[in-house]
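Beneath this line is the structure, given in C-alpha cells, with notes to follow.
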Amino acid sequence: MDKECVMPCVFVFGTLKEGFPNFERNQGERIPGVFSTTVSYPLLLVGERYSPWLLLDAGEGHPVLGQVFSVDDDALAEMDALERITEPDGYRRVEIDVVNLDNGLTQRVWVYAKPAHSVKGADVRMTLQGDYLLEHVALYVSRRKV
C-alpha cells in the first residue's frame, strides 16, 4: 500500500534531502517515491554558499523534483530554524502541490522557498533544470563554514 502523509508533510528539494548536507537536521519520516511540483518554479544556486533556492514564481522555470517527509511539530520546528523563517532574508514556509511520480497521487505539502522579489540583487550563480543533484552539493558551503 502506498504511504501518504497523515501528519504535516514537507517537500524538500535541496540540502534537506536524504543523502545531502543538511539531512541530519531533517527528523521527518520519508514518504516513498520521487515527487515533483505540479507547476514550474525557478530553482537557483545563490551566493558564495551556492544555496539552493526555490523561487515562488509559479509558472517560470521547471517542475522541481524532491522528496517528501512526514513531520511532527518538533521536526517542523527544527526545519523552520534551519531555514531561518523568522529572518528577513530567510526562507518562507508555504503550501504547494506535489505529485508522486511513482503512483500519480497529488498532495498539498509545505515547502521552504524564497519570495519572487528575493532574487532582485541576489548573486545568482546557477539556474538549475528542476533538480538539485550531488554535483551541485559539491559547490555548497554550509552556513557553519562561512
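Every chain in the C-alpha cells takes a letter, A first, then B, and so on in the order presented; its residues are numbered from 1, and the ligands are numbered from 1 following the presented order.
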
Open item on the list: DSSP on the backbone, alpha helix (DSSP H) only: what residues of region 2-146 of chain A does that give? Format it as number ranges by chain.
Closed with: A: 73-82, 134-137

File dump, residues just selected, all heavy atoms, as an mmCIF file, in the first residue's frame:
data_model
loop_
_atom_site.group_PDB
_atom_site.id
_atom_site.type_symbol
_atom_site.label_atom_id
_atom_site.label_comp_id
_atom_site.auth_asym_id
_atom_site.auth_seq_id
_atom_site.Cartn_x
_atom_site.Cartn_y
_atom_site.Cartn_z
ATOM 1 N N ASP A 73 5.610 18.169 15.082
ATOM 2 C CA ASP A 73 5.859 19.573 15.418
ATOM 3 C C ASP A 73 7.335 19.849 15.696
ATOM 4 O O ASP A 73 7.857 20.895 15.297
ATOM 5 C CB ASP A 73 5.014 20.004 16.616
ATOM 6 C CG ASP A 73 3.528 20.089 16.283
ATOM 7 O OD1 ASP A 73 3.178 20.163 15.086
ATOM 8 O OD2 ASP A 73 2.711 20.083 17.224
ATOM 9 N N ASP A 74 8.012 18.924 16.377
ATOM 10 C CA ASP A 74 9.431 19.125 16.694
ATOM 11 C C ASP A 74 10.286 19.120 15.432
ATOM 12 O O ASP A 74 11.195 19.943 15.285
ATOM 13 C CB ASP A 74 9.934 18.050 17.668
ATOM 14 C CG ASP A 74 9.339 18.200 19.060
ATOM 15 O OD1 ASP A 74 8.879 19.315 19.402
ATOM 16 O OD2 ASP A 74 9.332 17.208 19.806
ATOM 17 N N ALA A 75 10.010 18.203 14.530
ATOM 18 C CA ALA A 75 10.774 18.130 13.276
ATOM 19 C C ALA A 75 10.534 19.382 12.439
ATOM 20 O O ALA A 75 11.472 19.930 11.842
ATOM 21 C CB ALA A 75 10.388 16.877 12.491
ATOM 22 N N LEU A 76 9.300 19.847 12.408
ATOM 23 C CA LEU A 76 8.977 21.060 11.658
ATOM 24 C C LEU A 76 9.686 22.269 12.268
ATOM 25 O O LEU A 76 10.235 23.108 11.543
ATOM 26 C CB LEU A 76 7.464 21.257 11.632
ATOM 27 C CG LEU A 76 6.927 22.254 10.610
ATOM 28 C CD1 LEU A 76 7.329 21.870 9.184
ATOM 29 C CD2 LEU A 76 5.414 22.357 10.735
ATOM 30 N N ALA A 77 9.718 22.345 13.592
ATOM 31 C CA ALA A 77 10.412 23.452 14.274
ATOM 32 C C ALA A 77 11.904 23.430 13.955
ATOM 33 O O ALA A 77 12.519 24.492 13.765
ATOM 34 C CB ALA A 77 10.173 23.382 15.775
ATOM 35 N N GLU A 78 12.506 22.248 13.895
ATOM 36 C CA GLU A 78 13.928 22.125 13.556
ATOM 37 C C GLU A 78 14.189 22.619 12.131
ATOM 38 O O GLU A 78 15.158 23.344 11.878
ATOM 39 C CB GLU A 78 14.381 20.670 13.708
ATOM 40 C CG GLU A 78 15.803 20.406 13.308
ATOM 41 C CD GLU A 78 16.854 20.947 14.258
ATOM 42 O OE1 GLU A 78 16.510 21.313 15.409
ATOM 43 O OE2 GLU A 78 18.035 21.016 13.871
ATOM 44 N N MET A 79 13.318 22.240 11.200
ATOM 45 C CA MET A 79 13.469 22.711 9.821
ATOM 46 C C MET A 79 13.249 24.222 9.728
ATOM 47 O O MET A 79 13.975 24.926 9.026
ATOM 48 C CB MET A 79 12.495 21.976 8.900
ATOM 49 C CG MET A 79 12.844 20.539 8.656
ATOM 50 S SD MET A 79 11.584 19.804 7.569
ATOM 51 C CE MET A 79 12.276 18.193 7.295
ATOM 52 N N ASP A 80 12.248 24.729 10.456
ATOM 53 C CA ASP A 80 11.991 26.174 10.468
ATOM 54 C C ASP A 80 13.227 26.934 10.936
ATOM 55 O O ASP A 80 13.575 27.974 10.373
ATOM 56 C CB ASP A 80 10.823 26.519 11.392
ATOM 57 C CG ASP A 80 9.458 26.170 10.835
ATOM 58 O OD1 ASP A 80 9.353 25.769 9.652
ATOM 59 O OD2 ASP A 80 8.475 26.297 11.598
ATOM 60 N N ALA A 81 13.891 26.411 11.969
ATOM 61 C CA ALA A 81 15.101 27.070 12.488
ATOM 62 C C ALA A 81 16.222 27.042 11.457
ATOM 63 O O ALA A 81 16.894 28.055 11.231
ATOM 64 C CB ALA A 81 15.540 26.398 13.790
ATOM 65 N N LEU A 82 16.438 25.896 10.829
ATOM 66 C CA LEU A 82 17.482 25.779 9.809
ATOM 67 C C LEU A 82 17.223 26.750 8.666
ATOM 68 O O LEU A 82 18.144 27.411 8.178
ATOM 69 C CB LEU A 82 17.556 24.349 9.268
ATOM 70 C CG LEU A 82 18.523 24.161 8.098
ATOM 71 C CD1 LEU A 82 19.970 24.270 8.566
ATOM 72 C CD2 LEU A 82 18.285 22.840 7.404
ATOM 73 N N LEU A 134 23.832 15.808 -6.591
ATOM 74 C CA LEU A 134 25.078 15.726 -5.820
ATOM 75 C C LEU A 134 26.184 16.577 -6.437
ATOM 76 O O LEU A 134 27.029 17.108 -5.722
ATOM 77 C CB LEU A 134 25.522 14.270 -5.665
ATOM 78 C CG LEU A 134 24.657 13.432 -4.717
ATOM 79 C CD1 LEU A 134 25.081 11.970 -4.753
ATOM 80 C CD2 LEU A 134 24.702 13.970 -3.296
ATOM 81 N N GLU A 135 26.173 16.758 -7.757
ATOM 82 C CA GLU A 135 27.182 17.621 -8.382
ATOM 83 C C GLU A 135 27.025 19.074 -7.928
ATOM 84 O O GLU A 135 27.990 19.820 -7.857
ATOM 85 C CB GLU A 135 27.120 17.530 -9.905
ATOM 86 C CG GLU A 135 25.842 18.073 -10.506
ATOM 87 C CD GLU A 135 25.661 17.724 -11.974
ATOM 88 O OE1 GLU A 135 25.571 16.530 -12.306
ATOM 89 O OE2 GLU A 135 25.617 18.664 -12.785
ATOM 90 N N HIS A 136 25.800 19.468 -7.578
ATOM 91 C CA HIS A 136 25.566 20.818 -7.064
ATOM 92 C C HIS A 136 25.992 20.917 -5.601
ATOM 93 O O HIS A 136 26.456 21.961 -5.159
ATOM 94 C CB HIS A 136 24.096 21.204 -7.227
ATOM 95 C CG HIS A 136 23.636 21.095 -8.640
ATOM 96 N ND1 HIS A 136 22.596 20.280 -9.018
ATOM 97 C CD2 HIS A 136 24.097 21.660 -9.781
ATOM 98 C CE1 HIS A 136 22.426 20.368 -10.321
ATOM 99 N NE2 HIS A 136 23.327 21.196 -10.812
ATOM 100 N N VAL A 137 25.834 19.822 -4.864
ATOM 101 C CA VAL A 137 26.265 19.780 -3.462
ATOM 102 C C VAL A 137 27.757 20.052 -3.357
ATOM 103 O O VAL A 137 28.215 20.679 -2.405
ATOM 104 C CB VAL A 137 25.919 18.411 -2.820
ATOM 105 C CG1 VAL A 137 26.567 18.258 -1.457
ATOM 106 C CG2 VAL A 137 24.419 18.245 -2.714
#

Open item on the list: Excluding region 25-31 of chain A and its own-chain neighbours fewer than 5 positions away, which residues fall within 6 Å of it when counting only C-alpha atoms? Please give them as a PyMOL selection string.
Closed with: chain A and resi 68-71+75

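Taking region 46-105 of chain A and asking which residues DSSP calls strand (DSSP E) on the backbone, you get Val46, Ser51, Pro52, Trp53, Leu54, Leu55, Leu56, His62, Pro63, Val64, Leu65, Gly66, Gln67, Val68, Phe69, Ser70, Arg92, Arg93, Val94, Glu95, Ile96, Asp97, Val98, Val99 and Asn100 of chain A.
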
List as a Markdown table every residue of region 79-136 of chain A that is in contact with region 34-57 of chain A, defined as an atom at most 8 Å from one of its atoms (using only C-alpha atoms), together with the nearest atom pair and the distance in Å rounded to one decimal, sorted by chain and then rising number.
| residue | atom | partner | partner_atom | distance |
| --- | --- | --- | --- | --- |
| A:Ile96 | CA | A:Thr37 | CA | 7.5 |
| A:Asp97 | CA | A:Thr38 | CA | 5.9 |
| A:Val98 | CA | A:Thr37 | CA | 4.3 |
| A:Val99 | CA | A:Ser36 | CA | 5.4 |
| A:Asn100 | CA | A:Phe35 | CA | 4.5 |
| A:Leu101 | CA | A:Val34 | CA | 5.6 |
| A:Asp102 | CA | A:Val34 | CA | 6.5 |
| A:Tyr112 | CA | A:Leu54 | CA | 7.6 |
| A:Ala113 | CA | A:Leu54 | CA | 5.0 |
| A:Lys114 | CA | A:Leu55 | CA | 5.0 |
| A:Pro115 | CA | A:Leu56 | CA | 5.1 |
| A:Ala116 | CA | A:Leu56 | CA | 5.1 |
| A:Val119 | CA | A:Leu55 | CA | 7.9 |
| A:Ala122 | CA | A:Val46 | CA | 6.9 |
| A:Asp123 | CA | A:Gly47 | CA | 4.9 |
| A:Val124 | CA | A:Val46 | CA | 4.5 |
| A:Arg125 | CA | A:Val46 | CA | 5.4 |
| A:Met126 | CA | A:Leu45 | CA | 5.0 |
| A:Thr127 | CA | A:Leu44 | CA | 4.6 |
| A:Leu128 | CA | A:Leu43 | CA | 5.4 |
| A:Gln129 | CA | A:Leu43 | CA | 7.1 |
| A:Gly130 | CA | A:Leu43 | CA | 5.9 |
| A:Asp131 | CA | A:Leu43 | CA | 7.8 |
| A:Tyr132 | CA | A:Pro52 | CA | 7.5 |

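Across the model, the gap from CA of Phe11 (chain A) to CA of Arg93 (chain A) is 10.4 Å.
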
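You can rank A:Lys120, A:Arg84, A:Arg143, A:Arg108 by their closest distance to Val10 (chain A) using only C-alpha atoms, and at the top of that list sits A:Arg108.
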
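CA of Tyr140 (chain A) is found 8.8 Å from CA of Thr15 (chain A).
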